[in-house]
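K.L.:
Dropping the structure in here first, questions after.
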Amino acid sequence: KEIDDSADVVMVIAHAGPTSEYSEADAANSILSVEGVDLLQCGHSHSTYINNDGPIPVGEVKNGAGEVLKYTVTLDKDKKITSATVETVSVKDQTPDEGVRAVEAVKTVHEKAVEYVSGNVLGHASAKFQPENEIAGIPQGKLEDTAVMDLINTVQLKYAQADVSAAALFKDTSDLPEGELNYGNIFDIYKYDNTLYRVNITGEQLKQYMEWSASHYNTWTEGDINISFNKSIPGYRYDMFAGVDYEIDLSKPAGERIVNVMYKGEPLKDDEQLKLAVNNYRFSSAVKAMVGGDEAKEWESSQSIRDMLVEYLAENDPLVPTVDNNWKIVGVDLSVDDPRRQEII
């Protein structure tokens, strides 16, 4: 209404995926019902999305700056739109503009950023933290407990003074290599600047949260030699838990997979009162609805989880990869003793 007729073309850029992730309210496509919007650009779900069949063109590019959106808009002499489309353009074969790179302001900031990320030794790792993938393209870090996830959850438990913790492997290749560690390595295992919450949660609610997370997997079927993932659920929505021991039974459908949950050596009771360490994004996007709203949050950190990892590294240099194997996948037979399995892999 404020723009009114002062613009020839109105474009909305929304930090939201085109379709709903948790509720209809967070879908960028809900903007299509707003009168006067001519172009819509989305950005959140880390995927390519092009739609020229609706009332206005809608586009989103995948993460990593591998492509950009190109909108083509034609107006008549009265500045009315006669056609509008969107497409992706790959930057794979594009050469960076050296003239832009040479601009002093750009050059200075870029060099400063590179030095900040790679030029400061924060500590050391005594060995590699992530196991090698058995099958190319299937992240081992989501098939078994790893030192990377145990490190993140250990830090969250420590700083939140919580009973249980939940965290995601944001990048399938996240790892800490043996030797010197810098900010680049910390960014590699924790790419977002999330803060940490301590949340009141019951045993029943925690199990509900764990089931929600375990829906990231596909149900195992007879003959499968590998575990696979539900393509409609992005990897950053799969959390792994510390402070409890549990099993994920992939012979069962989503919603029925979490079994044998143990807390302090005893089966977790539904009415058990727990303190959960979880990042601000996961709380607001999913956990809040499970625990009854914002009232369940009792503490928020003033620093990012990434800063906590840096502090923890300084206090525990060198970091030694440790894995407590508090969770495992069951209900599958991956034919590990079948000699044909390695041929297939």
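Note on naming: chains are A, B, ... as they come in the structure tokens, residues start from 1 per chain, ligands start from 1 in the order shown.
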Could you list, as a PyMOL selection string, every residue within 7 Å of Val121 (chain A), counting only C-alpha atoms and ignoring same-chain residues fewer than 2 positions away?
P.N.:
chain A and resi 119+123+180-182
K.L.:
Let me see the file: selected residues, C-alpha atoms, as a PDB file, in the first residue's frame.
P.N.:
ATOM      1  CA  GLY A 119      45.132 -17.578   9.020  1.00  0.00           C
ATOM      2  CA  GLY A 123      44.072 -25.335  18.267  1.00  0.00           C
ATOM      3  CA  GLU A 180      46.058 -27.449  13.035  1.00  0.00           C
ATOM      4  CA  LEU A 181      42.503 -26.100  13.214  1.00  0.00           C
ATOM      5  CA  ASN A 182      41.303 -22.641  12.150  1.00  0.00           C
TER       6      ASN A 182
END
K.L.:
Pull the strand (DSSP E) assignments for region 58-295 of chain A out of DSSP run on the backbone, and list those residues as an NGL selection string.
P.N.:
:A and (58-60 or 67-75 or 81-90 or 123-125 or 164-168 or 179-181 or 195-202 or 239-242 or 245-249 or 258-263 or 266-267 or 273-279)
K.L.:
One decimal, in Å: what's the spacing between CA of Ile345 (chain A) and CA of Ile135 (chain A)?
P.N.:
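Separation between CA of Ile345 (chain A) and CA of Ile135 (chain A): 6.3 Å.
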K.L.:
I need the residues of region 183-300 of chain A that end up classed as helix (DSSP H, G or I) by DSSP on the backbone, written out as number ranges by chain.
P.N.:
A: 183-189, 203-214, 235-237, 280-291, 294-296
K.L.:
Find the residues near Asp97 (chain A): any atom within 12 Å, counting only C-alpha atoms, skip ones fewer than 5 places away on the same chain, and give them as a list in words.
P.N.:
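Listing them by chain and then by number gives Ala102, Val103 and Val106 of chain A.
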K.L.:
Write out, as a PDB file, in the first residue's frame, the residues just selected, with N, CA and C atoms.
P.N.:
ATOM      1  N   ALA A 102      39.673  -6.001  -8.093  1.00  0.00           N
ATOM      2  CA  ALA A 102      40.769  -5.058  -7.869  1.00  0.00           C
ATOM      3  C   ALA A 102      40.342  -3.797  -7.135  1.00  0.00           C
ATOM      4  N   VAL A 103      39.028  -3.582  -7.021  1.00  0.00           N
ATOM      5  CA  VAL A 103      38.559  -2.411  -6.281  1.00  0.00           C
ATOM      6  C   VAL A 103      39.074  -2.506  -4.847  1.00  0.00           C
ATOM      7  N   VAL A 106      36.823  -3.806  -2.054  1.00  0.00           N
ATOM      8  CA  VAL A 106      36.508  -5.234  -2.213  1.00  0.00           C
ATOM      9  C   VAL A 106      37.723  -6.078  -1.852  1.00  0.00           C
TER      10      VAL A 106
END
K.L.:
Please provide the set of residues having any atom within 9 Å of Ile225 (chain A), restricted to only C-alpha atoms, with same-chain residues fewer than 4 positions apart removed, written as a list in words.
P.N.:
Val332, Asp333, Leu334, Ser335, Val336, Arg341, Ile344 and Ile345 of chain A
K.L.:
At a cut-off of 8 Å, using only C-alpha atoms, what residues contact Asp270 (chain A)? Leave out same-chain residues fewer than 3 positions from it and give the result as an MDAnalysis selection string.
P.N.:
chainID A and resid 202:205
K.L.:
Can you work out the spacing between CA of Thr146 (chain A) and CA of Glu132 (chain A) in Å, to one decimal?
P.N.:
10.8 Å
K.L.:
Compile the contact shell of Glu295 (chain A) as a ChimeraX atom specification: residues with an atom at most 9 Å away, counting only C-alpha atoms, same-chain residues fewer than 5 positions apart removed.
P.N.:
/A:199-200,288
K.L.:
At a cut-off of 12 Å, using only C-alpha atoms, what residues contact Leu75 (chain A)? Leave out same-chain residues fewer than 4 positions from it and give the result as a VMD selection string.
P.N.:
chain A and resid 8 to 9 38 79 to 84
K.L.:
Which is closer to Asn51 (chain A) than all the others in A:Thr19, A:Thr154, A:Ser302, A:Asn226, using only C-alpha atoms?
P.N.:
A:Thr19
K.L.:
Compare A:Lys231, A:Ser90, A:Val155, A:Tyr281 by their minimum atom-to-atom distance to Asn316 (chain A), counting only C-alpha atoms, and give me the closest one.
P.N.:
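Between A:Lys231, A:Ser90, A:Val155, A:Tyr281, the residue approaching Asn316 (chain A) most closely is A:Val155.
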K.L.:
Report the distance between CA of Ser45 (chain A) and CA of Val61 (chain A) in Å, rounded to one decimal place.
P.N.:
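These two atoms are separated by 9.0 Å.
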K.L.:
Kindly indicate which residue among A:Gln208, A:Thr48, A:Ser285, A:Asn185 lies nearest to Val310 (chain A), using only C-alpha atoms for the distances.
P.N.:
A:Asn185
K.L.:
Taking only C-alpha atoms into account, which of A:Leu313, A:Val330, A:Val259, A:Ala289 comes nearest Glu211 (chain A)?
P.N.:
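Checking each of A:Leu313, A:Val330, A:Val259, A:Ala289 against Glu211 (chain A), counting only C-alpha atoms, the winner is A:Val259.
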